[in-house]
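Enquirer: work.pdb is reproduced below (PDB, C-alpha atoms, pLDDT in the B column).
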ATOM      1  CA  MET A   4     -15.500 -18.812  15.836  1.00 66.00           C
ATOM      2  CA  GLN A   5     -18.538 -17.027  14.415  1.00 79.00           C
ATOM      3  CA  GLU A   6     -20.917 -18.797  12.071  1.00 88.00           C
ATOM      4  CA  TYR A   7     -20.284 -18.424   8.358  1.00 87.00           C
ATOM      5  CA  PHE A   8     -21.856 -19.627   5.105  1.00 87.00           C
ATOM      6  CA  ALA A   9     -18.923 -19.287   2.703  1.00 88.00           C
ATOM      7  CA  GLU A  10     -15.194 -19.938   2.885  1.00 90.00           C
ATOM      8  CA  VAL A  11     -12.440 -18.309   0.820  1.00 91.00           C
ATOM      9  CA  SER A  12      -8.668 -18.831   0.781  1.00 93.00           C
ATOM     10  CA  LEU A  13      -6.720 -15.892  -0.624  1.00 94.00           C
ATOM     11  CA  PRO A  14      -3.089 -14.714  -0.787  1.00 97.00           C
ATOM     12  CA  ILE A  15      -2.538 -11.214   0.588  1.00 97.00           C
ATOM     13  CA  ARG A  16      -1.095  -9.970  -2.682  1.00 94.00           C
ATOM     14  CA  GLU A  17      -4.101 -11.228  -4.658  1.00 95.00           C
ATOM     15  CA  LEU A  18      -6.515  -9.591  -2.204  1.00 96.00           C
ATOM     16  CA  VAL A  19      -4.723  -6.246  -2.391  1.00 95.00           C
ATOM     17  CA  GLU A  20      -4.292  -6.246  -6.168  1.00 93.00           C
ATOM     18  CA  PHE A  21      -7.935  -7.170  -6.732  1.00 94.00           C
ATOM     19  CA  VAL A  22      -9.439  -4.561  -4.415  1.00 94.00           C
ATOM     20  CA  LEU A  23      -7.038  -1.673  -5.002  1.00 91.00           C
ATOM     21  CA  ALA A  24      -5.728  -2.194  -8.533  1.00 80.00           C
ATOM     22  CA  SER A  25      -5.874   0.767 -10.884  1.00 71.00           C
ATOM     23  CA  GLY A  26      -4.810   1.242 -14.490  1.00 60.00           C
ATOM     24  CA  SER A  27      -1.526   2.618 -15.775  1.00 62.00           C
ATOM     25  CA  ILE A  28       0.497   2.482 -18.981  1.00 57.00           C
ATOM     26  CA  ASP A  29       3.748   2.745 -16.995  1.00 56.00           C
ATOM     27  CA  LYS A  30       5.181  -0.794 -16.866  1.00 54.00           C
ATOM     28  CA  ARG A  31       8.511   0.028 -15.253  1.00 52.00           C
ATOM     29  CA  TYR A  32       7.574  -1.859 -12.115  1.00 50.00           C
ATOM     30  CA  GLY A  33       7.331  -5.151 -13.989  1.00 47.00           C
ATOM     31  CA  GLY A  34       7.408  -4.748 -17.741  1.00 45.00           C
ATOM     32  CA  GLY A  35       9.651  -6.383 -20.308  1.00 47.00           C
ATOM     33  CA  ASP A  36      10.724  -9.977 -19.928  1.00 49.00           C
ATOM     34  CA  LEU A  37       8.706 -11.073 -16.891  1.00 51.00           C
ATOM     35  CA  TYR A  38      10.815 -14.193 -16.330  1.00 55.00           C
ATOM     36  CA  GLN A  39      14.026 -12.178 -16.361  1.00 65.00           C
ATOM     37  CA  ARG A  40      12.524  -9.479 -14.142  1.00 68.00           C
ATOM     38  CA  ALA A  41      11.335 -12.075 -11.636  1.00 76.00           C
ATOM     39  CA  ASN A  42      14.805 -13.613 -11.450  1.00 82.00           C
ATOM     40  CA  GLU A  43      16.449 -10.206 -11.121  1.00 85.00           C
ATOM     41  CA  GLY A  44      13.956  -9.163  -8.473  1.00 85.00           C
ATOM     42  CA  SER A  45      14.592 -12.335  -6.467  1.00 89.00           C
ATOM     43  CA  ARG A  46      18.341 -11.803  -6.690  1.00 92.00           C
ATOM     44  CA  LEU A  47      18.097  -8.248  -5.403  1.00 93.00           C
ATOM     45  CA  HIS A  48      15.706  -9.319  -2.629  1.00 92.00           C
ATOM     46  CA  ARG A  49      18.197 -11.923  -1.438  1.00 94.00           C
ATOM     47  CA  LYS A  50      21.091  -9.469  -1.643  1.00 94.00           C
ATOM     48  CA  LEU A  51      19.317  -6.857   0.476  1.00 95.00           C
ATOM     49  CA  GLN A  52      18.170  -9.484   2.958  1.00 96.00           C
ATOM     50  CA  ARG A  53      21.721 -10.817   3.374  1.00 96.00           C
ATOM     51  CA  GLN A  54      23.002  -7.291   3.972  1.00 95.00           C
ATOM     52  CA  SER A  55      20.332  -6.643   6.609  1.00 95.00           C
ATOM     53  CA  LYS A  56      20.973  -9.986   8.296  1.00 95.00           C
ATOM     54  CA  THR A  57      24.665  -9.083   8.561  1.00 95.00           C
ATOM     55  CA  GLU A  58      23.805  -5.676   9.992  1.00 95.00           C
ATOM     56  CA  TYR A  59      21.050  -6.648  12.439  1.00 95.00           C
ATOM     57  CA  GLY A  60      21.800 -10.294  13.232  1.00 96.00           C
ATOM     58  CA  ASP A  61      19.146 -12.158  15.230  1.00 95.00           C
ATOM     59  CA  ARG A  62      16.880  -9.094  15.247  1.00 96.00           C
ATOM     60  CA  TYR A  63      16.257  -9.584  11.519  1.00 97.00           C
ATOM     61  CA  HIS A  64      14.081 -12.385  10.089  1.00 97.00           C
ATOM     62  CA  SER A  65      13.464 -12.759   6.345  1.00 96.00           C
ATOM     63  CA  GLU A  66      10.678 -14.497   4.417  1.00 96.00           C
ATOM     64  CA  VAL A  67       8.309 -14.768   7.380  1.00 97.00           C
ATOM     65  CA  ALA A  68       5.069 -16.660   6.702  1.00 97.00           C
ATOM     66  CA  LEU A  69       1.973 -14.935   8.108  1.00 98.00           C
ATOM     67  CA  SER A  70      -1.673 -15.987   7.993  1.00 98.00           C
ATOM     68  CA  ASP A  71      -5.006 -14.888   9.358  1.00 97.00           C
ATOM     69  CA  ASP A  72      -8.307 -16.781   9.672  1.00 96.00           C
ATOM     70  CA  ARG A  73     -11.357 -14.704  10.489  1.00 95.00           C
ATOM     71  CA  VAL A  74     -15.077 -14.446   9.847  1.00 95.00           C
ATOM     72  CA  GLU A  75     -16.185 -11.162   8.315  1.00 92.00           C
ATOM     73  CA  ASN A  76     -19.841 -10.631   7.291  1.00 90.00           C
ATOM     74  CA  GLY A  77     -20.558 -14.349   7.037  1.00 92.00           C
ATOM     75  CA  ILE A  78     -17.376 -15.201   5.103  1.00 93.00           C
ATOM     76  CA  LEU A  79     -14.565 -17.267   6.597  1.00 95.00           C
ATOM     77  CA  TYR A  80     -11.366 -15.863   5.111  1.00 96.00           C
ATOM     78  CA  HIS A  81      -8.067 -17.722   5.080  1.00 96.00           C
ATOM     79  CA  ILE A  82      -5.591 -14.945   4.265  1.00 97.00           C
ATOM     80  CA  PHE A  83      -1.899 -15.744   3.928  1.00 98.00           C
ATOM     81  CA  GLY A  84       1.394 -14.385   2.639  1.00 97.00           C
ATOM     82  CA  ARG A  85       5.096 -14.042   3.289  1.00 96.00           C
ATOM     83  CA  ALA A  86       6.634 -10.820   4.593  1.00 97.00           C
ATOM     84  CA  ASP A  87      10.011  -9.961   3.115  1.00 96.00           C
ATOM     85  CA  ALA A  88      11.367  -9.239   6.584  1.00 97.00           C
ATOM     86  CA  ILE A  89      10.528  -8.473  10.203  1.00 97.00           C
ATOM     87  CA  LEU A  90      12.982  -6.380  12.202  1.00 96.00           C
ATOM     88  CA  THR A  91      12.978  -5.358  15.849  1.00 94.00           C
ATOM     89  CA  ASP A  92      14.849  -2.399  17.305  1.00 92.00           C
ATOM     90  CA  SER A  93      14.701  -0.198  20.391  1.00 90.00           C
ATOM     91  CA  GLU A  94      11.513   1.456  19.114  1.00 91.00           C
ATOM     92  CA  GLY A  95       9.574  -1.731  18.361  1.00 93.00           C
ATOM     93  CA  THR A  96       8.752  -3.862  15.322  1.00 96.00           C
ATOM     94  CA  ILE A  97       9.172  -3.107  11.630  1.00 97.00           C
ATOM     95  CA  ILE A  98       7.638  -4.928   8.672  1.00 97.00           C
ATOM     96  CA  GLU A  99       9.847  -4.560   5.604  1.00 97.00           C
ATOM     97  CA  GLU A 100       8.580  -4.911   2.062  1.00 96.00           C
ATOM     98  CA  ILE A 101      11.135  -4.875  -0.767  1.00 96.00           C
ATOM     99  CA  LYS A 102      10.175  -3.794  -4.277  1.00 94.00           C
ATOM    100  CA  THR A 103      12.339  -3.539  -7.387  1.00 92.00           C
ATOM    101  CA  THR A 104      11.747  -0.832  -9.957  1.00 91.00           C
ATOM    102  CA  GLU A 105      13.151   0.571 -13.197  1.00 89.00           C
ATOM    103  CA  LEU A 106      11.978   4.053 -12.227  1.00 91.00           C
ATOM    104  CA  PRO A 107      14.462   6.627 -10.929  1.00 94.00           C
ATOM    105  CA  LEU A 108      14.323   6.565  -7.140  1.00 95.00           C
ATOM    106  CA  SER A 109      13.777  10.317  -7.064  1.00 94.00           C
ATOM    107  CA  SER A 110      10.329   9.790  -8.603  1.00 94.00           C
ATOM    108  CA  LEU A 111       9.112   7.700  -5.643  1.00 94.00           C
ATOM    109  CA  SER A 112       7.513   8.934  -2.445  1.00 92.00           C
ATOM    110  CA  GLY A 113       6.268   7.755   0.917  1.00 92.00           C
ATOM    111  CA  ASP A 114       3.730  10.583   1.086  1.00 91.00           C
ATOM    112  CA  PRO A 115       0.167   9.583   0.049  1.00 89.00           C
ATOM    113  CA  SER A 116      -0.439  13.083  -1.316  1.00 89.00           C
ATOM    114  CA  LEU A 117       2.380  12.832  -3.884  1.00 88.00           C
ATOM    115  CA  ALA A 118       2.388  11.083  -7.274  1.00 87.00           C
ATOM    116  CA  GLY A 119       5.264   8.749  -6.370  1.00 89.00           C
ATOM    117  CA  TYR A 120       3.272   7.041  -3.614  1.00 92.00           C
ATOM    118  CA  ARG A 121       2.318   3.437  -4.477  1.00 91.00           C
ATOM    119  CA  PRO A 122      -0.859   2.387  -2.572  1.00 93.00           C
ATOM    120  CA  LEU A 123      -0.667  -1.279  -3.597  1.00 92.00           C
ATOM    121  CA  HIS A 124       2.813  -1.679  -2.140  1.00 94.00           C
ATOM    122  CA  TRP A 125       1.872  -0.044   1.139  1.00 96.00           C
ATOM    123  CA  ALA A 126      -1.342  -2.045   1.323  1.00 96.00           C
ATOM    124  CA  GLN A 127       0.465  -5.361   1.045  1.00 96.00           C
ATOM    125  CA  ALA A 128       2.873  -4.422   3.826  1.00 97.00           C
ATOM    126  CA  LYS A 129       0.056  -3.062   6.012  1.00 98.00           C
ATOM    127  CA  CYS A 130      -1.744  -6.411   5.763  1.00 98.00           C
ATOM    128  CA  TYR A 131       1.383  -8.165   7.025  1.00 98.00           C
ATOM    129  CA  ALA A 132       1.665  -5.561   9.781  1.00 98.00           C
ATOM    130  CA  PHE A 133      -1.938  -6.117  10.862  1.00 98.00           C
ATOM    131  CA  ILE A 134      -1.555  -9.885  11.067  1.00 98.00           C
ATOM    132  CA  LEU A 135       1.658  -9.487  13.048  1.00 97.00           C
ATOM    133  CA  SER A 136       0.030  -6.972  15.398  1.00 97.00           C
ATOM    134  CA  GLN A 137      -2.726  -9.491  16.128  1.00 96.00           C
ATOM    135  CA  LYS A 138      -0.311 -12.387  16.571  1.00 96.00           C
ATOM    136  CA  GLU A 139       2.138 -10.520  18.822  1.00 96.00           C
ATOM    137  CA  LYS A 140      -0.469  -8.247  20.464  1.00 96.00           C
ATOM    138  CA  LEU A 141       1.363  -5.109  19.357  1.00 97.00           C
ATOM    139  CA  SER A 142      -0.146  -1.653  19.832  1.00 96.00           C
ATOM    140  CA  SER A 143       1.603  -0.354  16.701  1.00 97.00           C
ATOM    141  CA  VAL A 144       3.830  -1.546  13.867  1.00 97.00           C
ATOM    142  CA  ARG A 145       6.142   0.402  11.600  1.00 97.00           C
ATOM    143  CA  VAL A 146       6.002  -0.357   7.899  1.00 97.00           C
ATOM    144  CA  ARG A 147       9.141   0.182   5.833  1.00 97.00           C
ATOM    145  CA  LEU A 148       8.918   0.099   2.058  1.00 97.00           C
ATOM    146  CA  ILE A 149      12.307  -0.385   0.377  1.00 97.00           C
ATOM    147  CA  TYR A 150      12.717   0.276  -3.340  1.00 96.00           C
ATOM    148  CA  CYS A 151      15.736  -1.061  -5.215  1.00 95.00           C
ATOM    149  CA  GLN A 152      16.596   0.363  -8.634  1.00 94.00           C
ATOM    150  CA  VAL A 153      17.384  -2.639 -10.857  1.00 91.00           C
ATOM    151  CA  GLU A 154      20.061  -0.942 -12.961  1.00 91.00           C
ATOM    152  CA  THR A 155      22.020   0.899 -10.265  1.00 94.00           C
ATOM    153  CA  GLU A 156      21.011  -1.368  -7.333  1.00 94.00           C
ATOM    154  CA  GLU A 157      20.656   1.793  -5.248  1.00 96.00           C
ATOM    155  CA  THR A 158      17.873   1.823  -2.649  1.00 96.00           C
ATOM    156  CA  ILE A 159      15.520   4.257  -1.018  1.00 96.00           C
ATOM    157  CA  SER A 160      13.214   3.521   1.906  1.00 96.00           C
ATOM    158  CA  PHE A 161      10.097   5.067   3.414  1.00 97.00           C
ATOM    159  CA  THR A 162       8.811   4.284   6.905  1.00 96.00           C
ATOM    160  CA  GLN A 163       5.392   4.922   8.417  1.00 96.00           C
ATOM    161  CA  ASN A 164       4.076   4.009  11.837  1.00 97.00           C
ATOM    162  CA  PHE A 165       0.547   2.589  12.111  1.00 97.00           C
ATOM    163  CA  SER A 166      -1.475   1.852  15.216  1.00 97.00           C
ATOM    164  CA  ALA A 167      -3.043  -1.578  15.552  1.00 97.00           C
ATOM    165  CA  LEU A 168      -6.472   0.054  15.214  1.00 97.00           C
ATOM    166  CA  GLU A 169      -5.476   1.789  11.962  1.00 97.00           C
ATOM    167  CA  LEU A 170      -4.210  -1.494  10.569  1.00 98.00           C
ATOM    168  CA  GLN A 171      -7.348  -3.358  11.609  1.00 97.00           C
ATOM    169  CA  THR A 172      -9.604  -0.749  10.032  1.00 97.00           C
ATOM    170  CA  PHE A 173      -7.651  -0.914   6.786  1.00 97.00           C
ATOM    171  CA  TYR A 174      -7.501  -4.723   6.702  1.00 97.00           C
ATOM    172  CA  THR A 175     -11.172  -5.336   7.477  1.00 96.00           C
ATOM    173  CA  GLY A 176     -12.035  -2.670   4.907  1.00 97.00           C
ATOM    174  CA  LEU A 177     -10.286  -4.755   2.246  1.00 97.00           C
ATOM    175  CA  LEU A 178     -12.241  -7.847   3.276  1.00 96.00           C
ATOM    176  CA  GLN A 179     -15.523  -5.951   3.195  1.00 95.00           C
ATOM    177  CA  ALA A 180     -14.712  -4.618  -0.278  1.00 95.00           C
ATOM    178  CA  TYR A 181     -13.936  -8.149  -1.460  1.00 95.00           C
ATOM    179  CA  ARG A 182     -17.098  -9.668   0.054  1.00 93.00           C
ATOM    180  CA  HIS A 183     -19.226  -9.525  -3.115  1.00 92.00           C
ATOM    181  CA  TRP A 184     -16.552 -11.378  -5.068  1.00 92.00           C
ATOM    182  CA  ALA A 185     -15.968 -13.807  -2.220  1.00 91.00           C
ATOM    183  CA  VAL A 186     -19.626 -14.829  -2.350  1.00 92.00           C
ATOM    184  CA  MET A 187     -19.535 -15.203  -6.147  1.00 92.00           C
ATOM    185  CA  ARG A 188     -16.311 -17.188  -5.932  1.00 88.00           C
ATOM    186  CA  PHE A 189     -17.720 -19.524  -3.272  1.00 89.00           C
ATOM    187  CA  GLU A 190     -21.000 -20.072  -5.108  1.00 90.00           C
ATOM    188  CA  TRP A 191     -19.165 -20.843  -8.345  1.00 90.00           C
ATOM    189  CA  THR A 192     -16.938 -23.326  -6.506  1.00 88.00           C
ATOM    190  CA  GLN A 193     -20.043 -25.106  -5.211  1.00 88.00           C
ATOM    191  CA  ILE A 194     -21.500 -25.303  -8.736  1.00 91.00           C
ATOM    192  CA  ARG A 195     -18.176 -26.500 -10.151  1.00 87.00           C
ATOM    193  CA  ASP A 196     -17.701 -29.212  -7.545  1.00 85.00           C
ATOM    194  CA  LYS A 197     -21.276 -30.497  -7.914  1.00 88.00           C
ATOM    195  CA  SER A 198     -20.972 -30.570 -11.688  1.00 87.00           C
ATOM    196  CA  ALA A 199     -17.622 -32.368 -11.525  1.00 80.00           C
ATOM    197  CA  LYS A 200     -19.003 -35.113  -9.276  1.00 81.00           C
ATOM    198  CA  GLU A 201     -21.875 -35.738 -11.683  1.00 83.00           C
ATOM    199  CA  LEU A 202     -19.690 -35.716 -14.804  1.00 81.00           C
ATOM    200  CA  PRO A 203     -19.693 -39.100 -16.597  1.00 83.00           C
ATOM    201  CA  PHE A 204     -16.576 -40.616 -18.114  1.00 79.00           C
ATOM    202  CA  PRO A 205     -16.398 -39.031 -21.605  1.00 80.00           C
ATOM    203  CA  PHE A 206     -15.907 -42.334 -23.486  1.00 82.00           C
ATOM    204  CA  GLU A 207     -18.049 -45.456 -23.779  1.00 81.00           C
ATOM    205  CA  SER A 208     -15.438 -47.713 -22.204  1.00 84.00           C
ATOM    206  CA  TYR A 209     -11.936 -47.738 -20.779  1.00 82.00           C
ATOM    207  CA  ARG A 210      -8.976 -48.770 -22.876  1.00 83.00           C
ATOM    208  CA  ALA A 211      -6.759 -51.664 -21.825  1.00 79.00           C
ATOM    209  CA  GLY A 212      -4.874 -50.693 -18.680  1.00 81.00           C
ATOM    210  CA  GLN A 213      -6.677 -47.380 -18.378  1.00 84.00           C
ATOM    211  CA  ARG A 214      -9.109 -48.461 -15.653  1.00 83.00           C
ATOM    212  CA  GLN A 215      -6.298 -49.881 -13.492  1.00 84.00           C
ATOM    213  CA  MET A 216      -4.322 -46.665 -13.809  1.00 84.00           C
ATOM    214  CA  ALA A 217      -7.396 -44.571 -13.026  1.00 83.00           C
ATOM    215  CA  ALA A 218      -8.053 -46.615  -9.875  1.00 86.00           C
ATOM    216  CA  VAL A 219      -4.480 -46.080  -8.667  1.00 87.00           C
ATOM    217  CA  ILE A 220      -4.751 -42.339  -9.285  1.00 85.00           C
ATOM    218  CA  TYR A 221      -8.082 -42.149  -7.462  1.00 85.00           C
ATOM    219  CA  ARG A 222      -6.713 -43.889  -4.368  1.00 89.00           C
ATOM    220  CA  ALA A 223      -3.619 -41.674  -4.385  1.00 87.00           C
ATOM    221  CA  ALA A 224      -5.715 -38.511  -4.659  1.00 85.00           C
ATOM    222  CA  ALA A 225      -7.963 -39.652  -1.802  1.00 86.00           C
ATOM    223  CA  ALA A 226      -4.918 -40.381   0.375  1.00 89.00           C
ATOM    224  CA  GLY A 227      -3.093 -37.196  -0.588  1.00 87.00           C
ATOM    225  CA  SER A 228      -0.118 -39.109  -1.982  1.00 90.00           C
ATOM    226  CA  ARG A 229       1.627 -39.033  -5.366  1.00 87.00           C
ATOM    227  CA  VAL A 230       1.761 -41.374  -8.349  1.00 84.00           C
ATOM    228  CA  LEU A 231       4.266 -41.696 -11.179  1.00 86.00           C
ATOM    229  CA  CYS A 232       2.656 -43.292 -14.239  1.00 82.00           C
ATOM    230  CA  GLN A 233       4.644 -44.551 -17.183  1.00 82.00           C
ATOM    231  CA  ALA A 234       2.682 -45.969 -20.083  1.00 79.00           C
ATOM    232  CA  PRO A 235       2.712 -45.978 -23.913  1.00 80.00           C
ATOM    233  CA  THR A 236       1.218 -43.138 -25.914  1.00 82.00           C
ATOM    234  CA  GLY A 237      -2.481 -43.658 -26.557  1.00 80.00           C
ATOM    235  CA  ILE A 238      -3.522 -45.444 -23.360  1.00 79.00           C
ATOM    236  CA  GLY A 239      -5.356 -42.326 -22.154  1.00 82.00           C
ATOM    237  CA  LYS A 240      -3.138 -41.124 -19.304  1.00 83.00           C
ATOM    238  CA  THR A 241      -4.355 -37.533 -19.427  1.00 84.00           C
ATOM    239  CA  ILE A 242      -8.082 -38.198 -19.210  1.00 82.00           C
ATOM    240  CA  SER A 243      -7.592 -40.880 -16.551  1.00 78.00           C
ATOM    241  CA  SER A 244      -5.574 -38.509 -14.408  1.00 80.00           C
ATOM    242  CA  LEU A 245      -7.902 -35.530 -14.774  1.00 79.00           C
ATOM    243  CA  PHE A 246     -11.201 -37.371 -14.539  1.00 78.00           C
ATOM    244  CA  LEU A 247     -10.389 -39.391 -11.418  1.00 69.00           C
ATOM    245  CA  SER A 248      -8.733 -36.523  -9.586  1.00 68.00           C
ATOM    246  CA  VAL A 249     -11.758 -34.228  -9.709  1.00 63.00           C
TER     247      VAL A 249
END
Can the structure from this file be put into structure tokens for me?
Expert:
Amino acid sequence: MQEYFAEVSLPIRELVEFVLASGSIDKRYGGGDLYQRANEGSRLHRKLQRQSKTEYGDRYHSEVALSDDRVENGILYHIFGRADAILTDSEGTIIEEIKTTELPLSSLSGDPSLAGYRPLHWAQAKCYAFILSQKEKLSSVRVRLIYCQVETEETISFTQNFSALELQTFYTGLLQAYRHWAVMRFEWTQIRDKSAKELPFPFESYRAGQRQMAAVIYRAAAAGSRVLCQAPTGIGKTISSLFLSV
């Protein structure tokens, strides 16, 4: 692997939304009660995935974890995400991305020149497609964006075929656009970690039982294990847990 001076771990969705986000007052992709919308979106995702699994059988795989580690301009990126589905047919491989919307389906488009085209949604799916093309050594991957209307549960889909080179150009372009923020993020992490290690305990002394609990938490954090602490109010559980786990 090439030499690098900074390291960043980033979900695909966060990368795409940061680099390509643009403003809009239309909240029908995720407005209202976010908790309720998330639950409804998950339900519709599962419903569509079950239907596709019944239709395609072993050729259909849902919730596929994908990741990519690469050095780009001195930054080691750990990029990861989970594709809604991967499907194979006689023409090759398809990455499916499912989105729920309150918009009428007639207002959506798979044509970049039309207003109903959603670049963020396509970008997320294209990142999955690129990683898959690298992993499986594919010359091209089709991307299928499926929209499900939350009220009617009707769907519409758009499919585009991308060459591996097109996907690579797009993906590396995102990483290059994020580079400035990746450097800032890494440098701030270094400052934060150094400051945390030098931070003194914020009180003159430990309370009774607090030092023993802090020692247990420290050893657990170092070993990557878990601790369940039960103690009376006032012993200082919160500060012991936070201070020793830094």
Enquirer: Quick one: apply the PyMOL selection byres ((chain A and resi 93-109) around 8) to the file and drop the selected residues here as a ChimeraX atom specification.
Expert: /A:31-33,44,47-48,86-92,110-112,124,128,131-132,144-154,158-159
Enquirer: Dump C-alpha atoms for the selected residues as a CSV table (one decimal), in the frame of the given file?
Expert:
chain,number,residue,atom,x,y,z
A,31,ARG,CA,8.5,0.0,-15.3
A,32,TYR,CA,7.6,-1.9,-12.1
A,33,GLY,CA,7.3,-5.2,-14.0
A,44,GLY,CA,14.0,-9.2,-8.5
A,47,LEU,CA,18.1,-8.2,-5.4
A,48,HIS,CA,15.7,-9.3,-2.6
A,86,ALA,CA,6.6,-10.8,4.6
A,87,ASP,CA,10.0,-10.0,3.1
A,88,ALA,CA,11.4,-9.2,6.6
A,89,ILE,CA,10.5,-8.5,10.2
A,90,LEU,CA,13.0,-6.4,12.2
A,91,THR,CA,13.0,-5.4,15.8
A,92,ASP,CA,14.8,-2.4,17.3
A,110,SER,CA,10.3,9.8,-8.6
A,111,LEU,CA,9.1,7.7,-5.6
A,112,SER,CA,7.5,8.9,-2.4
A,124,HIS,CA,2.8,-1.7,-2.1
A,128,ALA,CA,2.9,-4.4,3.8
A,131,TYR,CA,1.4,-8.2,7.0
A,132,ALA,CA,1.7,-5.6,9.8
A,144,VAL,CA,3.8,-1.5,13.9
A,145,ARG,CA,6.1,0.4,11.6
A,146,VAL,CA,6.0,-0.4,7.9
A,147,ARG,CA,9.1,0.2,5.8
A,148,LEU,CA,8.9,0.1,2.1
A,149,ILE,CA,12.3,-0.4,0.4
A,150,TYR,CA,12.7,0.3,-3.3
A,151,CYS,CA,15.7,-1.1,-5.2
A,152,GLN,CA,16.6,0.4,-8.6
A,153,VAL,CA,17.4,-2.6,-10.9
A,154,GLU,CA,20.1,-0.9,-13.0
A,158,THR,CA,17.9,1.8,-2.6
A,159,ILE,CA,15.5,4.3,-1.0
Enquirer: Around (-4.2, -46.6, -9.3) in the file's frame, which residues reach within 10 Å when counting only C-alpha atoms? Return as number ranges by chain?
Expert: A: 213-224, 230-232, 243-244, 247
Enquirer: For segment 93-106 of chain A, I'd like the enclosing box, axis-aligned and padded by 6 Å on every side, reported as lines of an AutoDock Vina configuration file with centre and edge lengths in Å to one decimal.
Expert:
center_x = 11.2
center_y = -0.4
center_z = 3.6
size_x = 19.1
size_y = 21.0
size_z = 45.6
Enquirer: Near Gln127 of chain A, counting all atoms listed in the file, which residues have an atom at most 10 Å away, once you skip same-chain residues fewer than 5 positions from it, shown as a ChimeraX atom specification?
Expert: /A:15-20,84,86,100,122,132,174
Enquirer: Would you mind reading off the distance between atom CA of Phe8 of chain A and atom CA of Lys140 of chain A, one decimal, in Å?
Expert: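 Result for atom CA of Phe8 of chain A versus atom CA of Lys140 of chain A: 28.7 Å, one decimal.
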Enquirer: Determine, counting all atoms listed in the file, which protein, DNA and RNA residues have an atom within 8 Å of an atom of Ser143 of chain A; residues of the same chain fewer than 3 positions away are not included. Present the result as an mmCIF file with C-alpha atoms, in the coordinates of the input.
Expert:
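Resulting contents of part_31.cif:
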data_model
loop_
_atom_site.group_PDB
_atom_site.id
_atom_site.type_symbol
_atom_site.label_atom_id
_atom_site.label_comp_id
_atom_site.auth_asym_id
_atom_site.auth_seq_id
_atom_site.Cartn_x
_atom_site.Cartn_y
_atom_site.Cartn_z
ATOM 1 C CA SER A 136 0.030 -6.972 15.398
ATOM 2 C CA ASN A 164 4.076 4.009 11.837
ATOM 3 C CA PHE A 165 0.547 2.589 12.111
ATOM 4 C CA SER A 166 -1.475 1.852 15.216
ATOM 5 C CA ALA A 167 -3.043 -1.578 15.552
#
Enquirer: Kindly give the distance, in Å, that separates atom CA of Tyr59 of chain A and atom CA of Asn42 of chain A, rounded to a single decimal.
Expert: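 It comes out at 25.7 Å.
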Enquirer: I need the residue nearest Pro14 of chain A from this list: A:Asp72, A:Leu135, A:Lys56, A:Phe161. Use only C-alpha atoms for the distance.
Expert: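 For Pro14 of chain A, the nearest of the candidates is A:Asp72.
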Enquirer: Quick one: pull the distance between atom CA of Ala180 of chain A and atom CA of Leu23 of chain A, Å, one decimal.
Expert: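 A separation of 9.5 Å between them.
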Enquirer: For this file, the PyMOL selection byres ((chain A and resi 76) around 8) selects which residues, as a ChimeraX atom specification?
Expert: /A:7,74-75,77-78,179,182
Enquirer: What would the file look like if the residues just selected were written as an mmCIF file, in the frame of the given file with C-alpha atoms?
Expert:
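The file below, again.cif, is the result:
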data_model
loop_
_atom_site.group_PDB
_atom_site.id
_atom_site.type_symbol
_atom_site.label_atom_id
_atom_site.label_comp_id
_atom_site.auth_asym_id
_atom_site.auth_seq_id
_atom_site.Cartn_x
_atom_site.Cartn_y
_atom_site.Cartn_z
ATOM 1 C CA TYR A 7 -20.284 -18.424 8.358
ATOM 2 C CA VAL A 74 -15.077 -14.446 9.847
ATOM 3 C CA GLU A 75 -16.185 -11.162 8.315
ATOM 4 C CA GLY A 77 -20.558 -14.349 7.037
ATOM 5 C CA ILE A 78 -17.376 -15.201 5.103
ATOM 6 C CA GLN A 179 -15.523 -5.951 3.195
ATOM 7 C CA ARG A 182 -17.098 -9.668 0.054
#
Enquirer: Considering all atoms listed in the file, can you say which of A:Arg73, A:Phe83, A:Ser142, A:Gly227 comes closest to Leu168 of chain A?
Expert: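 Looking at the shortest contact to Leu168 of chain A, the residue is A:Ser142.
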Enquirer: From (-13.5, -37.1, -16.3), in the file's coordinates, out to 12 Å: which residues are reached, counting only C-alpha atoms? Answer as a list in words.
Expert: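 Looking at atoms near the point gives Ser198, Ala199, Lys200, Glu201, Leu202, Pro203, Phe204, Pro205, Phe206, Tyr209, Ala217, Tyr221, Gly239, Lys240, Thr241, Ile242, Ser243, Ser244, Leu245, Phe246, Leu247, Ser248 and Val249 of chain A.
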